[in-house]
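Following: one structure in structure tokens, then a few remarks.
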Amino acid sequence: MTTDTEVDPAAGDGHHPPRPRKRRRLPLIVEILLALAAVALVQTFLVKPFGVPSQSMEQTLKIGDRIVVNRLDDTVNRGDIIVFGHGDTWQTSKRAPDSNLVKRIVRTFGDITGMGPSNTNYTVKRVIGLPGDKVSCCSPDGKVLVNGLPRTEPYVYEDLPFVAGSCEDTANPSPRCFGTITVPAHSYLVLGDHRSQSADSVIACRSSTSASGCAKFVDEDRIVGPVVFRLWPLGSFGTID
């Protein structure tokens, strides 16, 4: 008397090797969404890559460099190179909404993934003034002063012209000169290393006609983090001094 027995094809039948079980795959759209979510989490809480769009930080950073910001480090020290977000001006947090629906979708995708345009503009500069600092220019030999002390800045490239004693000449100061600026609480004063090509905190203050309140500052809540690494070009791959 024989008895029928169910056979598991994956286990084989004694004469043929077992067939490997097929792994269940998630639907493609789910895998894509999970990948995007992972990218978003990494860039929100760990590190975030950026491209350098302008010459304002030459020769430290050049146009086209790909840099990485450490989002885990929320300390800001004088001399740090930082990336901060803002809108169409430094005083706003987001760019003005685009009237084109497709562009709005693309921007939202950029907000989530960090790839492509987004609703936030990002700028990279060097921190010179901390909250409460008094920053001015220039010392007798043309250096930036912080709390009355001249700064040594070997990274500065193509500084603005300076004539000794001209900062006291209110009618015709050198382009490098600007008066004393007190950095507000929870804010930072930043300058570009390519000093003559940088739209930075004091660009509107370098003039004999500059008015009170000419400086613009970076709010601490808009700082993404310090720049810690360069990914590209490969010849400059590594940490940034």
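Residues are named by chain letter and number: chains run A, B, ... in the order of the structure tokens, numbers start at 1 in each chain, and ligands are numbered from 1 in the order shown.
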Can you list, as a ChimeraX atom specification, every protein, DNA or RNA residue that comes within 10 Å of stretch 181-189 of chain A when you count only C-alpha atoms, leaving out same-chain residues fewer than 2 positions away? /A:76-78,125-137,146-147,178-179,191,200-202,205,212-223
Limited to N, CA, C and O atoms, could you put the picked residues into a file as a short mmCIF file (atom, residue, chain, number, x, y, z; two decimals), in the first residue's frame?
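Saved result, part_29.cif, follows:
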data_model
loop_
_atom_site.label_atom_id
_atom_site.label_comp_id
_atom_site.auth_asym_id
_atom_site.auth_seq_id
_atom_site.Cartn_x
_atom_site.Cartn_y
_atom_site.Cartn_z
N VAL A 76 30.37 76.40 16.86
CA VAL A 76 30.90 77.33 15.86
C VAL A 76 32.06 78.09 16.47
O VAL A 76 31.89 78.79 17.48
N ASN A 77 33.22 77.95 15.88
CA ASN A 77 34.41 78.62 16.37
C ASN A 77 34.90 79.66 15.36
O ASN A 77 34.66 79.53 14.16
N ARG A 78 35.57 80.68 15.87
CA ARG A 78 36.15 81.68 14.98
C ARG A 78 37.16 81.01 14.06
O ARG A 78 38.02 80.24 14.50
N LYS A 125 31.07 80.35 3.86
CA LYS A 125 31.93 81.46 4.26
C LYS A 125 32.75 81.05 5.48
O LYS A 125 32.52 80.00 6.08
N ARG A 126 33.67 81.94 5.88
CA ARG A 126 34.48 81.70 7.07
C ARG A 126 33.98 82.59 8.22
O ARG A 126 33.74 83.78 8.03
N VAL A 127 33.86 82.01 9.40
CA VAL A 127 33.40 82.74 10.58
C VAL A 127 34.54 83.63 11.09
O VAL A 127 35.64 83.15 11.37
N ILE A 128 34.25 84.93 11.23
CA ILE A 128 35.24 85.88 11.76
C ILE A 128 34.77 86.45 13.10
O ILE A 128 35.56 86.61 14.02
N GLY A 129 33.48 86.77 13.21
CA GLY A 129 32.95 87.36 14.43
C GLY A 129 31.92 86.47 15.11
O GLY A 129 30.98 86.02 14.46
N LEU A 130 32.12 86.21 16.40
CA LEU A 130 31.17 85.45 17.20
C LEU A 130 30.20 86.41 17.88
O LEU A 130 30.43 87.63 17.91
N PRO A 131 29.09 85.90 18.45
CA PRO A 131 28.14 86.77 19.14
C PRO A 131 28.83 87.65 20.18
O PRO A 131 29.60 87.17 21.02
N GLY A 132 28.58 88.97 20.10
CA GLY A 132 29.17 89.91 21.04
C GLY A 132 30.50 90.49 20.60
O GLY A 132 30.97 91.48 21.18
N ASP A 133 31.15 89.90 19.60
CA ASP A 133 32.44 90.42 19.13
C ASP A 133 32.28 91.78 18.46
O ASP A 133 31.23 92.09 17.88
N LYS A 134 33.35 92.56 18.51
CA LYS A 134 33.41 93.83 17.79
C LYS A 134 34.46 93.67 16.69
O LYS A 134 35.63 93.42 16.97
N VAL A 135 34.01 93.79 15.44
CA VAL A 135 34.87 93.54 14.28
C VAL A 135 35.01 94.82 13.48
O VAL A 135 34.04 95.56 13.27
N SER A 136 36.23 95.13 13.03
CA SER A 136 36.48 96.33 12.24
C SER A 136 37.68 96.09 11.34
O SER A 136 38.38 95.08 11.43
N CYS A 137 37.94 97.06 10.47
CA CYS A 137 39.11 97.03 9.61
C CYS A 137 39.47 98.48 9.26
O CYS A 137 38.59 99.25 8.88
N VAL A 146 39.46 92.02 15.60
CA VAL A 146 38.37 91.42 16.37
C VAL A 146 38.62 91.73 17.83
O VAL A 146 39.65 91.32 18.39
N ASN A 147 37.70 92.49 18.40
CA ASN A 147 37.86 92.96 19.79
C ASN A 147 39.19 93.68 19.98
O ASN A 147 39.87 93.53 21.01
N PHE A 178 36.29 99.17 7.02
CA PHE A 178 34.90 99.27 7.50
C PHE A 178 34.94 99.55 9.00
O PHE A 178 35.88 99.16 9.70
N GLY A 179 33.93 100.26 9.48
CA GLY A 179 33.89 100.67 10.89
C GLY A 179 33.55 99.52 11.82
O GLY A 179 33.26 98.40 11.40
N LEU A 191 33.12 86.21 6.48
CA LEU A 191 33.80 86.81 5.34
C LEU A 191 34.26 85.70 4.40
O LEU A 191 34.44 84.55 4.82
N ASP A 200 29.86 89.25 1.36
CA ASP A 200 29.80 88.70 2.71
C ASP A 200 29.13 89.65 3.69
O ASP A 200 28.40 90.57 3.29
N SER A 201 29.39 89.45 4.97
CA SER A 201 28.70 90.22 6.01
C SER A 201 28.93 91.72 5.90
O SER A 201 28.06 92.52 6.29
N VAL A 202 30.09 92.15 5.41
CA VAL A 202 30.44 93.58 5.47
C VAL A 202 30.50 94.25 4.10
O VAL A 202 30.96 95.38 4.00
N CYS A 205 29.30 97.63 4.00
CA CYS A 205 29.91 98.54 4.98
C CYS A 205 31.24 99.11 4.51
O CYS A 205 31.81 99.99 5.15
N SER A 212 24.49 103.02 9.31
CA SER A 212 24.35 102.13 10.45
C SER A 212 23.46 100.95 10.08
O SER A 212 22.44 101.12 9.40
N GLY A 213 23.83 99.77 10.51
CA GLY A 213 23.04 98.59 10.16
C GLY A 213 23.39 98.02 8.80
O GLY A 213 22.62 97.22 8.25
N CYS A 214 24.54 98.41 8.24
CA CYS A 214 24.93 97.96 6.90
C CYS A 214 25.31 96.48 6.88
O CYS A 214 25.23 95.83 5.84
N ALA A 215 25.73 95.93 8.02
CA ALA A 215 26.20 94.54 8.05
C ALA A 215 25.03 93.56 8.04
O ALA A 215 23.92 93.86 8.50
N LYS A 216 25.28 92.39 7.48
CA LYS A 216 24.31 91.30 7.53
C LYS A 216 24.98 90.11 8.21
O LYS A 216 26.19 89.89 8.07
N PHE A 217 24.18 89.36 8.95
CA PHE A 217 24.74 88.32 9.79
C PHE A 217 24.09 86.97 9.48
O PHE A 217 23.04 86.89 8.85
N VAL A 218 24.73 85.92 9.97
CA VAL A 218 24.21 84.56 9.82
C VAL A 218 23.58 84.15 11.14
O VAL A 218 24.25 84.12 12.18
N ASP A 219 22.29 83.86 11.11
CA ASP A 219 21.60 83.40 12.32
C ASP A 219 22.05 81.98 12.66
O ASP A 219 22.20 81.14 11.77
N GLU A 220 22.28 81.71 13.93
CA GLU A 220 22.80 80.40 14.34
C GLU A 220 21.87 79.26 13.93
O GLU A 220 22.33 78.14 13.67
N ASP A 221 20.57 79.51 13.85
CA ASP A 221 19.62 78.46 13.49
C ASP A 221 19.72 78.06 12.03
O ASP A 221 19.18 77.02 11.63
N ARG A 222 20.41 78.86 11.21
CA ARG A 222 20.50 78.56 9.78
C ARG A 222 21.83 77.93 9.39
O ARG A 222 22.08 77.67 8.22
N ILE A 223 22.68 77.68 10.37
CA ILE A 223 23.96 77.05 10.09
C ILE A 223 23.77 75.54 9.94
O ILE A 223 23.25 74.87 10.83
#
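Among the residues of stretch 187-219 of chain A, backbone DSSP assigns strand (DSSP E or B) to Ser187, Tyr188, Leu189, Val190, Leu191, Val218 and Asp219 of chain A.
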For atom CA of A:Asp80 and atom CA of A:Gly192, the interatomic separation in Å (one decimal):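 So the answer is 11.4 Å.
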Can you pull out the residues contacting stretch 81-97 of chain A? Cut-off 7 Å, using only C-alpha atoms, and skip same-chain residues under 2 positions away; I want them as number ranges by chain. A: 79, 99, 119-127, 222-227
If you keep C-alpha atoms, can you produce a file of those selected residues as a CSV table (one decimal), in the first residue's frame?
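Written file, again.csv:
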chain,number,residue,atom,x,y,z
A,79,GLY,CA,37.9,80.6,11.8
A,99,SER,CA,4.8,79.8,-9.8
A,119,ASN,CA,13.7,75.8,-1.5
A,120,THR,CA,16.8,76.9,0.3
A,121,ASN,CA,19.9,78.6,-1.0
A,122,TYR,CA,23.2,77.6,0.6
A,123,THR,CA,26.3,79.8,1.1
A,124,VAL,CA,29.8,78.9,2.4
A,125,LYS,CA,31.9,81.5,4.3
A,126,ARG,CA,34.5,81.7,7.1
A,127,VAL,CA,33.4,82.7,10.6
A,222,ARG,CA,20.5,78.6,9.8
A,223,ILE,CA,24.0,77.0,10.1
A,224,VAL,CA,24.1,73.6,8.6
A,225,GLY,CA,27.5,72.8,10.0
A,226,PRO,CA,31.3,73.1,9.5
A,227,VAL,CA,32.9,72.0,6.3
